[in-house]
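Novice: The structure is given below, and queries will be raised subsequently.
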Amino acid sequence: MNTAYHIPVLLKPSVDALVTNPNGVYVDVTFGGGGHSREILSRLGPQGKLYSFDKDQHAVQNATAINDDRFTLINHNFRYIKSFISQLEPEGVDGVLGDLGISSFQIDHNDRGFAHRADGPLDMRMDQQSGKTAAEILKKYSEKELLHVFNNYGEIKNAYKLVKTIKAYNGPLNTVDEFKQCIDICIPKGEPAKYLSQVFQALRIEVNQEMKDLQTLLLDSEHLIKAEGKLVLISYHSLEDRLVKNYLNSGNLDGKKQTDMYGWSSQPFDCKPSKAITPNDEELQLNKRSRSAKMRIGVRKS
Ligand SMILES: C[S@@+](CC[C@H](N)C(=O)[O-])C[C@H]1O[C@@H](n2cnc3c(N)ncnc32)[C@H](O)[C@@H]1O
């Protein structure tokens with residue numbers, strides 16, 4: 001396993017929940033270093049199959065070491081899961097796993113611009129071949145658009161001051177350090193790291209359209225997963241977890257349960273267990289980055 005790239009989080013509990021049929025078909029929508037994918041393959045028999053997505057060209061290089069006929073790597077955004085998987089597996093799949101967010105490799109490589117602690121280009125794209133970089137967003141977005149990003153994705157208390165400061169700035173905004181210099185007067189004295197983490201998280205979510213991709217994944221999974229199949233999602237911040245929880249508990253992204261004229265619920269999944277699963281003390285000791293992880297499991301209704 002390539003733990004230098006990324007240490008997989010909740011590895012055993014997630015794959016235990018996911019793989020119930022050794023000859024089934026599974027999808028890992030976030031391949032990364034391939035930790036979860038390798039574990040899934042180790043549980044599959046000769047007829048089993050695994051499709052793994054990742055939109056990062058570096059992550060995809062990890063797949064070259066997996067020499068296994070049962071495995072297919074799809075170098076695309078998981079937003080397109082329905083068009084790929086409905087073609088490849090028209091009968092549906094037995095389970096879908098998503099370990100959301102970014103990998104340790106992405107955070108630790110300063111040339112990707114994800115971390116506020118080290119200088120580098122203000123990029124933040126997981127797929128470096130498409131989309132706007134964080135620097136382009138700061139330049140091109142209106143005050144109103146930036147306010148939406150920082151309010152909604154970072155829950156930043158002084159978002160208005162932050163946006164006004166960015167828009168009034170005349171200096172260059174192409175690197176992490178230039179951005180930090182620009183917003184220095186907005187950073188609260190007591191908790192600068194916490195504030196910067198929230199600002200960088202908000203930008204990263206917008207750059208990668210993370211909430212939109214997750215919404216699409218949730219809504220499309222119900223059409224791909226067979227009865228009794230599993231949707232297993234590991235999230236790392238409250239916005240993602242709230243969305244997953246709302247959807248699994250109601251069948252709607254806003255969490256409002258709907259029933260038809262006979263009182264039947266249209267909810268496609270049962271959320272089992274009802275509470276999120278988190279890493280145990282042993283895992284927290286071994287891997288500090290697992291501390292914010294929350295896993296939820298949906299079982300597709302018949
Ligand atoms: C937390 S890492 C997954 C780590 C992996 N489970 C492992 O054990 O190594 C998330 C990965 O998902 C990828 N990713 C995130 N959002 C994606 C999307 N919408 N489409 C495809 N890949 C995505 C990222 O590029 C990253 O490599």
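Chain labels run A, B, ... following the order of the structure tokens; each chain numbers its residues from 1, and ligands are numbered from 1 in the order shown.
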Contacts of range 238-246 of chain A at 6 Å or less, counting only C-alpha atoms, minus same-chain residues fewer than 4 places along, as an NGL selection string?
Specialist: :A and (250 or 253 or 255)
Novice: Give me the residues within 12 Å of Gln258 in chain A as a compact mmCIF listing (two decimals) with C-alpha atoms, in the first residue's frame, counting only C-alpha atoms and dropping any in the same chain fewer than 5 places off.
Specialist:
# COMPACT_ATOMS: atom_id res chain seq x y z
CA TYR A 247 -29.99 12.65 1.63
CA ASN A 249 -32.42 10.13 5.83
CA SER A 250 -34.91 11.68 3.45
CA GLY A 251 -34.03 10.99 -0.20
CA ASN A 252 -33.74 14.76 -0.71
CA LEU A 253 -30.73 17.02 -0.60
CA GLY A 263 -48.13 8.01 2.68
CA TRP A 264 -45.27 5.93 1.19
CA SER A 265 -41.83 7.45 1.52
CA SER A 266 -39.78 7.95 -1.66
CA GLN A 267 -36.55 7.53 0.32
CA PRO A 268 -34.22 5.23 -1.71
Novice: Determine, counting only C-alpha atoms, which protein, DNA and RNA residues have an atom within 12 Å of an atom of Thr20 in chain A; residues of the same chain fewer than 5 positions away are not included. Present the result as a PDB file with C-alpha atoms, in the first residue's frame.
Specialist:
ATOM      1  CA  SER A  14     -15.792   1.044   5.266  1.00  0.00           C
ATOM      2  CA  VAL A  15     -14.843  -2.013   3.195  1.00  0.00           C
ATOM      3  CA  VAL A  25     -19.443  -5.163  -8.833  1.00  0.00           C
ATOM      4  CA  TYR A  26     -18.155  -2.179  -6.840  1.00  0.00           C
ATOM      5  CA  ILE A  40     -11.875  -3.974  -1.966  1.00  0.00           C
ATOM      6  CA  ARG A  43     -12.142  -9.099  -0.708  1.00  0.00           C
ATOM      7  CA  LEU A  44     -13.352  -9.960  -4.235  1.00  0.00           C
ATOM      8  CA  GLY A  45     -13.462 -13.369  -5.851  1.00  0.00           C
ATOM      9  CA  GLY A  48     -15.852  -9.609  -8.775  1.00  0.00           C
ATOM     10  CA  VAL A  93     -23.642  -2.344  -9.000  1.00  0.00           C
ATOM     11  CA  ASP A  94     -23.450  -3.832  -5.492  1.00  0.00           C
ATOM     12  CA  GLY A  95     -21.910  -0.822  -3.841  1.00  0.00           C
ATOM     13  CA  VAL A  96     -20.337   2.621  -4.189  1.00  0.00           C
ATOM     14  CA  GLU A 228     -29.519  -4.236  -0.654  1.00  0.00           C
ATOM     15  CA  GLY A 229     -26.382  -2.663  -2.173  1.00  0.00           C
ATOM     16  CA  LYS A 230     -24.447  -0.063  -0.166  1.00  0.00           C
ATOM     17  CA  VAL A 299     -28.554   0.490   2.222  1.00  0.00           C
TER      18      VAL A 299
END
Novice: Which residues are near ligand 1 - at most 8 Å, using only C-alpha atoms and all ligand atoms? Format: as a PDB file with N, CA and C atoms, in the first residue's frame.
Specialist:
ATOM      1  N   ASN A   2       0.528   2.285  -0.781  1.00  0.00           N
ATOM      2  CA  ASN A   2       1.346   3.496  -0.889  1.00  0.00           C
ATOM      3  C   ASN A   2       0.941   4.492   0.208  1.00  0.00           C
ATOM      4  N   THR A   3       1.388   4.217   1.473  1.00  0.00           N
ATOM      5  CA  THR A   3       0.974   5.099   2.575  1.00  0.00           C
ATOM      6  C   THR A   3       1.715   6.431   2.536  1.00  0.00           C
ATOM      7  N   TYR A   5       1.730   8.202  -0.013  1.00  0.00           N
ATOM      8  CA  TYR A   5       0.804   9.034  -0.791  1.00  0.00           C
ATOM      9  C   TYR A   5      -0.382   9.451   0.075  1.00  0.00           C
ATOM     10  N   HIS A   6      -0.952   8.459   0.778  1.00  0.00           N
ATOM     11  CA  HIS A   6      -2.136   8.732   1.596  1.00  0.00           C
ATOM     12  C   HIS A   6      -2.403   7.536   2.509  1.00  0.00           C
ATOM     13  N   ILE A   7      -2.686   7.789   3.794  1.00  0.00           N
ATOM     14  CA  ILE A   7      -3.071   6.681   4.686  1.00  0.00           C
ATOM     15  C   ILE A   7      -4.593   6.574   4.627  1.00  0.00           C
ATOM     16  N   PRO A   8      -5.112   5.421   4.174  1.00  0.00           N
ATOM     17  CA  PRO A   8      -6.569   5.329   4.051  1.00  0.00           C
ATOM     18  C   PRO A   8      -7.271   5.432   5.408  1.00  0.00           C
ATOM     19  N   VAL A   9      -8.397   6.102   5.423  1.00  0.00           N
ATOM     20  CA  VAL A   9      -9.153   6.366   6.654  1.00  0.00           C
ATOM     21  C   VAL A   9     -10.330   5.390   6.750  1.00  0.00           C
ATOM     22  N   LEU A  11     -10.504   2.324   6.948  1.00  0.00           N
ATOM     23  CA  LEU A  11     -10.328   1.342   5.872  1.00  0.00           C
ATOM     24  C   LEU A  11     -11.166   0.076   6.108  1.00  0.00           C
ATOM     25  N   ASP A  28     -15.292   2.574  -6.503  1.00  0.00           N
ATOM     26  CA  ASP A  28     -14.630   3.474  -5.551  1.00  0.00           C
ATOM     27  C   ASP A  28     -14.501   4.791  -6.308  1.00  0.00           C
ATOM     28  N   VAL A  29     -15.243   5.819  -5.884  1.00  0.00           N
ATOM     29  CA  VAL A  29     -15.243   7.057  -6.696  1.00  0.00           C
ATOM     30  C   VAL A  29     -14.061   7.975  -6.389  1.00  0.00           C
ATOM     31  N   THR A  30     -13.244   7.619  -5.385  1.00  0.00           N
ATOM     32  CA  THR A  30     -12.112   8.480  -5.005  1.00  0.00           C
ATOM     33  C   THR A  30     -10.863   7.611  -4.802  1.00  0.00           C
ATOM     34  N   PHE A  31     -10.219   7.230  -5.880  1.00  0.00           N
ATOM     35  CA  PHE A  31      -9.109   6.276  -5.846  1.00  0.00           C
ATOM     36  C   PHE A  31      -7.929   6.783  -5.014  1.00  0.00           C
ATOM     37  N   GLY A  32      -7.469   8.015  -5.207  1.00  0.00           N
ATOM     38  CA  GLY A  32      -6.352   8.595  -4.426  1.00  0.00           C
ATOM     39  C   GLY A  32      -5.098   7.740  -4.506  1.00  0.00           C
ATOM     40  N   GLY A  33      -4.639   7.257  -3.342  1.00  0.00           N
ATOM     41  CA  GLY A  33      -3.475   6.363  -3.308  1.00  0.00           C
ATOM     42  C   GLY A  33      -3.882   4.920  -3.505  1.00  0.00           C
ATOM     43  N   GLY A  34      -5.168   4.661  -3.638  1.00  0.00           N
ATOM     44  CA  GLY A  34      -5.661   3.309  -3.926  1.00  0.00           C
ATOM     45  C   GLY A  34      -5.808   2.419  -2.701  1.00  0.00           C
ATOM     46  N   GLY A  35      -5.739   3.000  -1.494  1.00  0.00           N
ATOM     47  CA  GLY A  35      -5.832   2.185  -0.278  1.00  0.00           C
ATOM     48  C   GLY A  35      -7.160   1.436  -0.189  1.00  0.00           C
ATOM     49  N   HIS A  36      -8.259   2.152  -0.388  1.00  0.00           N
ATOM     50  CA  HIS A  36      -9.570   1.490  -0.316  1.00  0.00           C
ATOM     51  C   HIS A  36      -9.765   0.539  -1.503  1.00  0.00           C
ATOM     52  N   SER A  37      -9.315   0.959  -2.677  1.00  0.00           N
ATOM     53  CA  SER A  37      -9.481   0.107  -3.867  1.00  0.00           C
ATOM     54  C   SER A  37      -8.762  -1.225  -3.688  1.00  0.00           C
ATOM     55  N   PHE A  53     -12.690   5.754  -9.765  1.00  0.00           N
ATOM     56  CA  PHE A  53     -12.575   7.072 -10.400  1.00  0.00           C
ATOM     57  C   PHE A  53     -11.528   7.908  -9.660  1.00  0.00           C
ATOM     58  N   ASP A  54     -10.819   8.743 -10.379  1.00  0.00           N
ATOM     59  CA  ASP A  54     -10.122   9.891  -9.779  1.00  0.00           C
ATOM     60  C   ASP A  54      -9.865  10.884 -10.892  1.00  0.00           C
ATOM     61  N   LYS A  55     -10.046  12.171 -10.567  1.00  0.00           N
ATOM     62  CA  LYS A  55      -9.859  13.182 -11.609  1.00  0.00           C
ATOM     63  C   LYS A  55      -8.459  13.796 -11.572  1.00  0.00           C
ATOM     64  N   ASP A  56      -7.646  13.380 -10.573  1.00  0.00           N
ATOM     65  CA  ASP A  56      -6.287  13.904 -10.442  1.00  0.00           C
ATOM     66  C   ASP A  56      -5.320  13.010 -11.214  1.00  0.00           C
ATOM     67  N   ALA A  59      -2.937  10.974  -9.013  1.00  0.00           N
ATOM     68  CA  ALA A  59      -3.550   9.821  -8.339  1.00  0.00           C
ATOM     69  C   ALA A  59      -3.615   8.635  -9.295  1.00  0.00           C
ATOM     70  N   ASN A  75     -10.261   7.799 -15.273  1.00  0.00           N
ATOM     71  CA  ASN A  75      -9.659   9.102 -14.947  1.00  0.00           C
ATOM     72  C   ASN A  75     -10.619  10.236 -15.290  1.00  0.00           C
ATOM     73  N   HIS A  76     -11.699  10.297 -14.513  1.00  0.00           N
ATOM     74  CA  HIS A  76     -12.721  11.330 -14.736  1.00  0.00           C
ATOM     75  C   HIS A  76     -13.312  11.755 -13.406  1.00  0.00           C
ATOM     76  N   ASN A  77     -14.035  12.842 -13.456  1.00  0.00           N
ATOM     77  CA  ASN A  77     -14.786  13.320 -12.304  1.00  0.00           C
ATOM     78  C   ASN A  77     -15.907  12.318 -11.988  1.00  0.00           C
ATOM     79  N   PHE A  78     -16.109  12.009 -10.716  1.00  0.00           N
ATOM     80  CA  PHE A  78     -17.187  11.069 -10.379  1.00  0.00           C
ATOM     81  C   PHE A  78     -18.571  11.659 -10.629  1.00  0.00           C
ATOM     82  N   ARG A  79     -18.602  12.941 -10.967  1.00  0.00           N
ATOM     83  CA  ARG A  79     -19.876  13.569 -11.363  1.00  0.00           C
ATOM     84  C   ARG A  79     -20.486  12.816 -12.564  1.00  0.00           C
ATOM     85  N   GLY A  98     -17.209   6.362  -1.429  1.00  0.00           N
ATOM     86  CA  GLY A  98     -16.586   7.674  -1.676  1.00  0.00           C
ATOM     87  C   GLY A  98     -15.855   8.129  -0.420  1.00  0.00           C
ATOM     88  N   ASP A  99     -14.557   8.401  -0.564  1.00  0.00           N
ATOM     89  CA  ASP A  99     -13.735   8.902   0.540  1.00  0.00           C
ATOM     90  C   ASP A  99     -13.395  10.329   0.113  1.00  0.00           C
ATOM     91  N   LEU A 100     -14.261  11.270   0.525  1.00  0.00           N
ATOM     92  CA  LEU A 100     -14.312  12.581  -0.128  1.00  0.00           C
ATOM     93  C   LEU A 100     -13.116  13.483   0.210  1.00  0.00           C
ATOM     94  N   GLY A 101     -13.024  14.582  -0.518  1.00  0.00           N
ATOM     95  CA  GLY A 101     -12.009  15.584  -0.209  1.00  0.00           C
ATOM     96  C   GLY A 101     -10.681  15.316  -0.889  1.00  0.00           C
ATOM     97  N   ILE A 102      -9.600  15.790  -0.234  1.00  0.00           N
ATOM     98  CA  ILE A 102      -8.288  15.702  -0.875  1.00  0.00           C
ATOM     99  C   ILE A 102      -7.394  14.698  -0.140  1.00  0.00           C
ATOM    100  N   SER A 103      -6.374  14.237  -0.863  1.00  0.00           N
ATOM    101  CA  SER A 103      -5.447  13.248  -0.300  1.00  0.00           C
ATOM    102  C   SER A 103      -4.290  13.969   0.394  1.00  0.00           C
ATOM    103  N   SER A 104      -3.526  13.200   1.188  1.00  0.00           N
ATOM    104  CA  SER A 104      -2.327  13.762   1.830  1.00  0.00           C
ATOM    105  C   SER A 104      -1.332  14.232   0.770  1.00  0.00           C
ATOM    106  N   GLN A 106      -1.965  15.513  -2.105  1.00  0.00           N
ATOM    107  CA  GLN A 106      -2.389  16.826  -2.611  1.00  0.00           C
ATOM    108  C   GLN A 106      -2.088  17.926  -1.584  1.00  0.00           C
ATOM    109  N   MET A 126      -7.944  19.831  -8.122  1.00  0.00           N
ATOM    110  CA  MET A 126      -7.600  18.400  -8.075  1.00  0.00           C
ATOM    111  C   MET A 126      -7.303  17.925  -9.495  1.00  0.00           C
ATOM    112  N   ASP A 127      -8.106  18.369 -10.445  1.00  0.00           N
ATOM    113  CA  ASP A 127      -7.874  18.075 -11.861  1.00  0.00           C
ATOM    114  C   ASP A 127      -7.183  19.295 -12.462  1.00  0.00           C
ATOM    115  N   ASN A 208     -13.093  23.256  -6.843  1.00  0.00           N
ATOM    116  CA  ASN A 208     -13.357  21.878  -7.289  1.00  0.00           C
ATOM    117  C   ASN A 208     -14.834  21.536  -7.374  1.00  0.00           C
ATOM    118  N   GLN A 209     -15.679  22.533  -7.111  1.00  0.00           N
ATOM    119  CA  GLN A 209     -17.143  22.322  -7.208  1.00  0.00           C
ATOM    120  C   GLN A 209     -17.558  21.084  -6.396  1.00  0.00           C
ATOM    121  N   GLU A 210     -16.982  20.992  -5.182  1.00  0.00           N
ATOM    122  CA  GLU A 210     -17.137  19.764  -4.401  1.00  0.00           C
ATOM    123  C   GLU A 210     -18.582  19.491  -3.979  1.00  0.00           C
ATOM    124  N   ASP A 213     -20.606  18.251  -7.027  1.00  0.00           N
ATOM    125  CA  ASP A 213     -20.247  16.872  -7.403  1.00  0.00           C
ATOM    126  C   ASP A 213     -20.856  15.869  -6.424  1.00  0.00           C
ATOM    127  N   LEU A 214     -20.823  16.214  -5.147  1.00  0.00           N
ATOM    128  CA  LEU A 214     -21.394  15.301  -4.139  1.00  0.00           C
ATOM    129  C   LEU A 214     -22.915  15.192  -4.322  1.00  0.00           C
TER     130      LEU A 214
END
Novice: Hey, what's within 9 Å of Glu206 in chain A if we count only C-alpha atoms and toss same-chain stuff fewer than 6 positions away? As a PyMOL selection string, please?
Specialist: chain A and resi 134+137+149+153
Novice: For C-alpha atoms, I'd like the residues from the last selection saved as an mmCIF file, in the first residue's frame.
Specialist:
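Written out: selection.cif:
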data_model
loop_
_atom_site.group_PDB
_atom_site.id
_atom_site.type_symbol
_atom_site.label_atom_id
_atom_site.label_comp_id
_atom_site.auth_asym_id
_atom_site.auth_seq_id
_atom_site.Cartn_x
_atom_site.Cartn_y
_atom_site.Cartn_z
ATOM 1 C CA ALA A 134 -8.123 29.682 -6.782
ATOM 2 C CA ILE A 137 -11.537 32.834 -8.803
ATOM 3 C CA VAL A 149 -18.164 31.178 -1.248
ATOM 4 C CA TYR A 153 -18.207 26.985 2.374
#
Novice: For the interface of range 131-180 of chain A with range 114-123 of chain A (cut-off 9 Å, counting only C-alpha atoms), please tabulate each contacting residue of range 131-180 of chain A alongside its nearest pair of atoms and their separation in Å to one decimal, rows sorted by chain and increasing number, as CSV.
Specialist:
residue,atom,partner,partner_atom,distance
A:Lys132,CA,A:Asp123,CA,8.2
A:Thr133,CA,A:Asp123,CA,4.5
A:Ala134,CA,A:Asp123,CA,5.2
A:Ala135,CA,A:Leu122,CA,5.4
A:Glu136,CA,A:Asp123,CA,8.5
A:Leu173,CA,A:Leu122,CA,7.9
A:Asn174,CA,A:Leu122,CA,5.6
A:Thr175,CA,A:Pro121,CA,4.4
A:Val176,CA,A:Asp119,CA,5.1
A:Asp177,CA,A:Asp119,CA,5.5
A:Glu178,CA,A:Asp119,CA,8.7
A:Phe179,CA,A:Leu122,CA,8.1
A:Lys180,CA,A:His116,CA,8.0
Novice: Please write the residues from the selection above to a file, keeping N, CA and C atoms, as a PDB file, in the first residue's frame.
Specialist:
ATOM      1  N   LYS A 132     -11.191  26.594 -13.066  1.00  0.00           N
ATOM      2  CA  LYS A 132     -10.484  27.818 -12.650  1.00  0.00           C
ATOM      3  C   LYS A 132      -9.629  27.532 -11.426  1.00  0.00           C
ATOM      4  N   THR A 133      -8.444  28.137 -11.385  1.00  0.00           N
ATOM      5  CA  THR A 133      -7.613  28.027 -10.186  1.00  0.00           C
ATOM      6  C   THR A 133      -8.178  28.961  -9.109  1.00  0.00           C
ATOM      7  N   ALA A 134      -7.679  28.793  -7.869  1.00  0.00           N
ATOM      8  CA  ALA A 134      -8.123  29.682  -6.782  1.00  0.00           C
ATOM      9  C   ALA A 134      -7.750  31.131  -7.106  1.00  0.00           C
ATOM     10  N   ALA A 135      -6.567  31.335  -7.693  1.00  0.00           N
ATOM     11  CA  ALA A 135      -6.133  32.701  -8.049  1.00  0.00           C
ATOM     12  C   ALA A 135      -7.101  33.322  -9.057  1.00  0.00           C
ATOM     13  N   GLU A 136      -7.542  32.534 -10.036  1.00  0.00           N
ATOM     14  CA  GLU A 136      -8.479  33.056 -11.048  1.00  0.00           C
ATOM     15  C   GLU A 136      -9.825  33.398 -10.416  1.00  0.00           C
ATOM     16  N   LEU A 173      -1.866  38.371  -6.732  1.00  0.00           N
ATOM     17  CA  LEU A 173      -2.552  37.350  -5.927  1.00  0.00           C
ATOM     18  C   LEU A 173      -2.382  35.991  -6.592  1.00  0.00           C
ATOM     19  N   ASN A 174      -1.136  35.645  -6.882  1.00  0.00           N
ATOM     20  CA  ASN A 174      -0.908  34.394  -7.621  1.00  0.00           C
ATOM     21  C   ASN A 174      -0.375  33.258  -6.753  1.00  0.00           C
ATOM     22  N   THR A 175       0.088  33.604  -5.548  1.00  0.00           N
ATOM     23  CA  THR A 175       0.676  32.569  -4.691  1.00  0.00           C
ATOM     24  C   THR A 175       0.010  32.578  -3.314  1.00  0.00           C
ATOM     25  N   VAL A 176       0.252  31.498  -2.579  1.00  0.00           N
ATOM     26  CA  VAL A 176      -0.306  31.370  -1.229  1.00  0.00           C
ATOM     27  C   VAL A 176       0.165  32.530  -0.355  1.00  0.00           C
ATOM     28  N   ASP A 177       1.455  32.830  -0.393  1.00  0.00           N
ATOM     29  CA  ASP A 177       1.987  33.901   0.463  1.00  0.00           C
ATOM     30  C   ASP A 177       1.429  35.272   0.065  1.00  0.00           C
ATOM     31  N   GLU A 178       1.268  35.502  -1.240  1.00  0.00           N
ATOM     32  CA  GLU A 178       0.700  36.800  -1.669  1.00  0.00           C
ATOM     33  C   GLU A 178      -0.740  36.927  -1.164  1.00  0.00           C
ATOM     34  N   PHE A 179      -1.481  35.836  -1.219  1.00  0.00           N
ATOM     35  CA  PHE A 179      -2.870  35.864  -0.738  1.00  0.00           C
ATOM     36  C   PHE A 179      -2.902  36.118   0.775  1.00  0.00           C
ATOM     37  N   LYS A 180      -2.017  35.435   1.519  1.00  0.00           N
ATOM     38  CA  LYS A 180      -1.986  35.608   2.972  1.00  0.00           C
ATOM     39  C   LYS A 180      -1.621  37.052   3.340  1.00  0.00           C
TER      40      LYS A 180
END
